[in-house]
Each structure stands twice: as structure tokens, then as C-alpha cells.
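S.K.: Have a look at this one.
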Amino acid sequence: MVVGDVTRCYEDFASATHNQEKRALNKTQEEAGMRSFAGRDILSLKDFEHNEFMHIFEIADRLEPIARGRRNSDLLKEKILVTAFYQPSTRTRLAHEAAMHRLGGHVNGFADAKMTRAGDFYQESIKDTVHMLEFYGDAIVMRHFQQGAPQEAAKWSSIPIINGGDGWGEHPTQVLTDLYTVQRELGDVNGKSFLAIGDHRMRTMHSLGYALSQFDAEFVILTPPDEAPTEEFLAELDDKGTNWRVVDHVKDAIADADVIYVEPVVQANYATGRDERGEEVARTPSAYQITREVMKKAKGSAIILHSLPRMDELLPEVDKLRQARYWEEAYNGVVMRMALISLVMGAWQ
Ligand code: CP
């Protein structure tokens, strides 16, 4: 779309047309019997239904021209997002903040709990902290090193909690971004084989496994034995109907993949507040590494995703291949958060 089209699209969006679209969407949603996102916590993708994924993708498509045009709208001009980050983040926090700015909203919060009473002598509890934060904004996006911390926050908060990653638990907004990227790049999540390479104890892998239960898609697990998914998690996937299988080496699986979903094998401990890199850094074994050589066996139509940051599981030499889509994925991270925040804050139903 050329710049003029983006401007027109933005102006359309900002006009009364928006209200008509909102009414039409609400009607569609009512007819589909879908749960409202307004005021809802986004803690996990475990219970997300197919039509809810599609509804978020639709809202993201409508908002995308604003981000692409580097414009700001006034959709959330009356709203404040609180960012409560107990663990380092580049993308998740800043994409939520950028999304809020693009929607004309406001942001406050912290990126380092050590500078709050939760991280000093007082070790203020999540309950007490959330009882404060709920007066400071209209939704809270929380990242925490303890699995289940956002769920604990949601018990005490009168405003929605968005899980920005909890320990080894889940990372729902990342996987919404990833599936939205697949939808944009490949047209549909259905019918796709996801080769998910990396540490399968990771929160992204959990959210992906749950999410794929709602699509006619394959979840192919490639992971070192000591980073394998738990039996409990695989039993949950069976229960939900996720179509999963395990492979042992990237060379045996790359040719069948539509989505090459890469995460680190060598990485930080997600259950700690902060994990500095030591003197010695392990190397990713070749069985779990994406290189230009490995990509020679991949489909030309496949796409490579990585939530980032990366270590040596995805070499920079791959960045120039036509299959690389992780920068588009990062851009979509802003668009997806625009959709999700505006839904949760009630701008759309
Ligand atoms: N993808 C992701 O969660 O990145 P950050 O840790 O930088 O937020």
C-alpha cells in the first residue's frame, strides 16, 4: 500500500466509519457466541478458541495501517497501560508500550523490580503491588520469573492482567504474534506443519502447543533430551487434540516444515529474575541449529520465525534468505499488542 492509501486508511479508521465497523464486529461476535475480550485477563492460550484467534487477527489487520504509516490514532486516548516487568525484556515491554502510543494511550510502570518495593527490603507481595497498580492504569502487562505470577496478580486486580511471560509458564502475546505472522505470510495457520526447534520447557513452546490445538496444524518437536517437554504437558496436548510428534535431527525434518519455529537451546534460566551471561557459553549442537546449509533442504515457501533474542541456534547468515521472517514477526508484535490491548480495554468487543 502506498503512503496515500495508508493515510486514507488511517483517516477512515479515525472517522465515524470506525463506529460502524465496531458495531458490525460486535454483531458478528455476538452471533458467533464468542466471549468478550473487554476486561478479560490474557494469561494463557490454553483456553483460547479458534474464533477468538481469528477475531484478534481481524482487529490486528484493521489496526496495522496505523503502525505501517508510523501514525498515532486516538482510540485509547483516555487509557493508561501499566507495565510491571520483574524480568528483563526488550521486545515484549517496548512492543506493548509502542502499541499503546500508536493508539494514543499512555504508559507507566517499571522495567526493573529492584527499583520498586517489590525488589528491595520490603519484598512487597504481588497482591499488595497489584492493589496499587490497579489505581495507576486500566490494564497491567506483567512479566515475572515465577510461573503463575500473572495468575496470582489477576486474583487481586480489578483491571485486566496481560501475561508478558511467566517463568517457564507461557508467553501468550508472543505466540499470538507468531500465529498472526503465519496468517499474514502464508495466508492461513491451518494446514501448516510447525517444526518447533529449541528448549521445549520454554514458555513460548507451551503457548504454541496449546494454540495449535485450535488449528488443523502439526506441532513437530525437535529438542535436546534434557530440554524435552514434560509428560504432563504432552498429555495435556493429547487431551486438547494438538497433533504433535517428535523428531531427532533438523536434517530429518526441515524438508516437511512450513513454519520453522526456532528458539534457543543455549539460554538463560527463565525462573530467575535476571541471568547474566557467564564466561563460558555453550554452543548449540548442529541437530538444533538453522544454517544456510540446512536451509538448502527447506521448502522455498517455508518461513523461519524466532521470538528473539537469539544465540547461535539461528545464525546471522540466514537473515538474508527469503524464508527469514523474524523481523516481520517483530513488527507484527506491535500490531498484535495494538489489537489485544484495544480489545481488552473495550475499544472493540
Ligand atoms: N520475544 C521476547 O519475549 O523478547 P523479550 O524477552 O525481549 O521481551
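Each chain of the C-alpha cells is named A, B, ... in the order shown, its residues numbered from 1; ligands are numbered from 1 in display order.
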Please provide as a PDB file with N, CA, C and O atoms, in the first residue's frame all residues within 6 Å of region 270-279 of chain A, with the sequence filter that same-chain residues fewer than 6 positions apart are discarded (counting only C-alpha atoms).
M.R.:
ATOM      1  N   GLN A  87      11.394  -9.035  35.125  1.00  0.00           N
ATOM      2  CA  GLN A  87      12.431  -9.768  34.408  1.00  0.00           C
ATOM      3  C   GLN A  87      12.785  -8.943  33.174  1.00  0.00           C
ATOM      4  O   GLN A  87      11.916  -8.255  32.634  1.00  0.00           O
ATOM      5  N   PHE A 145       9.427 -13.791  36.779  1.00  0.00           N
ATOM      6  CA  PHE A 145      10.248 -15.010  36.744  1.00  0.00           C
ATOM      7  C   PHE A 145       9.545 -16.197  37.396  1.00  0.00           C
ATOM      8  O   PHE A 145       9.942 -17.333  37.198  1.00  0.00           O
ATOM      9  N   GLN A 146       8.476 -15.928  38.175  1.00  0.00           N
ATOM     10  CA  GLN A 146       7.736 -17.038  38.797  1.00  0.00           C
ATOM     11  C   GLN A 146       6.591 -17.465  37.899  1.00  0.00           C
ATOM     12  O   GLN A 146       5.740 -16.642  37.538  1.00  0.00           O
ATOM     13  N   GLY A 167       7.966 -17.040  34.018  1.00  0.00           N
ATOM     14  CA  GLY A 167       8.891 -18.161  34.237  1.00  0.00           C
ATOM     15  C   GLY A 167       8.927 -19.093  33.041  1.00  0.00           C
ATOM     16  O   GLY A 167       9.018 -18.648  31.894  1.00  0.00           O
ATOM     17  N   TRP A 168       8.806 -20.388  33.303  1.00  0.00           N
ATOM     18  CA  TRP A 168       8.734 -21.363  32.214  1.00  0.00           C
ATOM     19  C   TRP A 168       7.301 -21.558  31.738  1.00  0.00           C
ATOM     20  O   TRP A 168       7.030 -22.448  30.928  1.00  0.00           O
TER      21      TRP A 168
END
S.K.: Hey, what's within 10 Å of Glu58 (chain A) if we count only C-alpha atoms and toss same-chain stuff fewer than 6 positions away? As a list of chain:residue names, please?
M.R.: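 Listing them by chain and then by number gives A:Leu25, A:Glu52, A:Glu64, A:Tyr180, A:Ala339.
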S.K.: DSSP on the backbone, alpha helix (DSSP H) only: what residues of region 80-218 of chain A does that give? Format it as a PyMOL selection string.
M.R.: chain A and resi 91-102+126-133+149-156+172-186+203-211
S.K.: Using only C-alpha atoms and all ligand atoms, which residues have at least one atom no more than 8 Å from ligand 1? Output them as an MDAnalysis selection string.
M.R.: chainID A and resid 88:94 164:165 171 174 306:309
S.K.: Give me a file of those residues, with N, CA and C atoms, as a short mmCIF file (atom, residue, chain, number, x, y, z; two decimals), in the first residue's frame.
M.R.:
data_model
loop_
_atom_site.label_atom_id
_atom_site.label_comp_id
_atom_site.auth_asym_id
_atom_site.auth_seq_id
_atom_site.Cartn_x
_atom_site.Cartn_y
_atom_site.Cartn_z
N PRO A 88 14.05 -9.01 32.72
CA PRO A 88 14.42 -8.18 31.57
C PRO A 88 13.60 -8.49 30.32
N SER A 89 13.44 -7.48 29.49
CA SER A 89 12.72 -7.63 28.23
C SER A 89 13.12 -6.48 27.31
N THR A 90 13.28 -6.78 26.05
CA THR A 90 13.40 -5.72 25.04
C THR A 90 12.08 -5.61 24.29
N ARG A 91 11.68 -6.72 23.65
CA ARG A 91 10.55 -6.71 22.74
C ARG A 91 9.19 -6.61 23.43
N THR A 92 8.96 -7.45 24.42
CA THR A 92 7.60 -7.56 24.96
C THR A 92 7.17 -6.25 25.61
N ARG A 93 8.05 -5.69 26.43
CA ARG A 93 7.67 -4.43 27.09
C ARG A 93 7.55 -3.30 26.07
N LEU A 94 8.57 -3.15 25.23
CA LEU A 94 8.57 -1.99 24.33
C LEU A 94 7.52 -2.12 23.24
N GLY A 164 2.99 -11.18 30.13
CA GLY A 164 4.10 -10.88 29.22
C GLY A 164 5.22 -11.91 29.35
N GLY A 165 4.88 -13.11 29.87
CA GLY A 165 5.87 -14.17 30.06
C GLY A 165 6.05 -14.44 31.54
N HIS A 171 3.74 -17.60 27.25
CA HIS A 171 4.03 -16.29 26.65
C HIS A 171 2.96 -16.04 25.59
N GLN A 174 3.31 -13.38 22.67
CA GLN A 174 4.32 -13.73 21.67
C GLN A 174 3.74 -14.71 20.65
N HIS A 306 11.44 -16.57 14.83
CA HIS A 306 12.21 -16.65 16.09
C HIS A 306 11.73 -15.48 16.94
N SER A 307 11.33 -15.76 18.17
CA SER A 307 10.80 -14.67 19.01
C SER A 307 11.91 -13.71 19.41
N LEU A 308 13.17 -14.16 19.36
CA LEU A 308 14.34 -13.38 19.72
C LEU A 308 14.31 -13.01 21.22
N PRO A 309 15.45 -12.81 21.89
CA PRO A 309 16.80 -12.76 21.34
C PRO A 309 17.31 -14.17 20.97
#
S.K.: Excluding region 117-133 of chain A and any residue of its chain fewer than 5 positions from it, enumerate the residues within 12 Å of it, using only C-alpha atoms, and give them as a PyMOL selection string.
M.R.: chain A and resi 80-87+107-112+138-144+146+148-161+273
S.K.: Expressed in Å to a single decimal, how great is the separation between CA of Glu170 (chain A) and CA of Asp61 (chain A)?
M.R.: 24.5 Å
S.K.: A:Ala253, A:Val294, A:Val259, A:Met345: which is nearest Arg325 (chain A), counting only C-alpha atoms?
M.R.: A:Val259
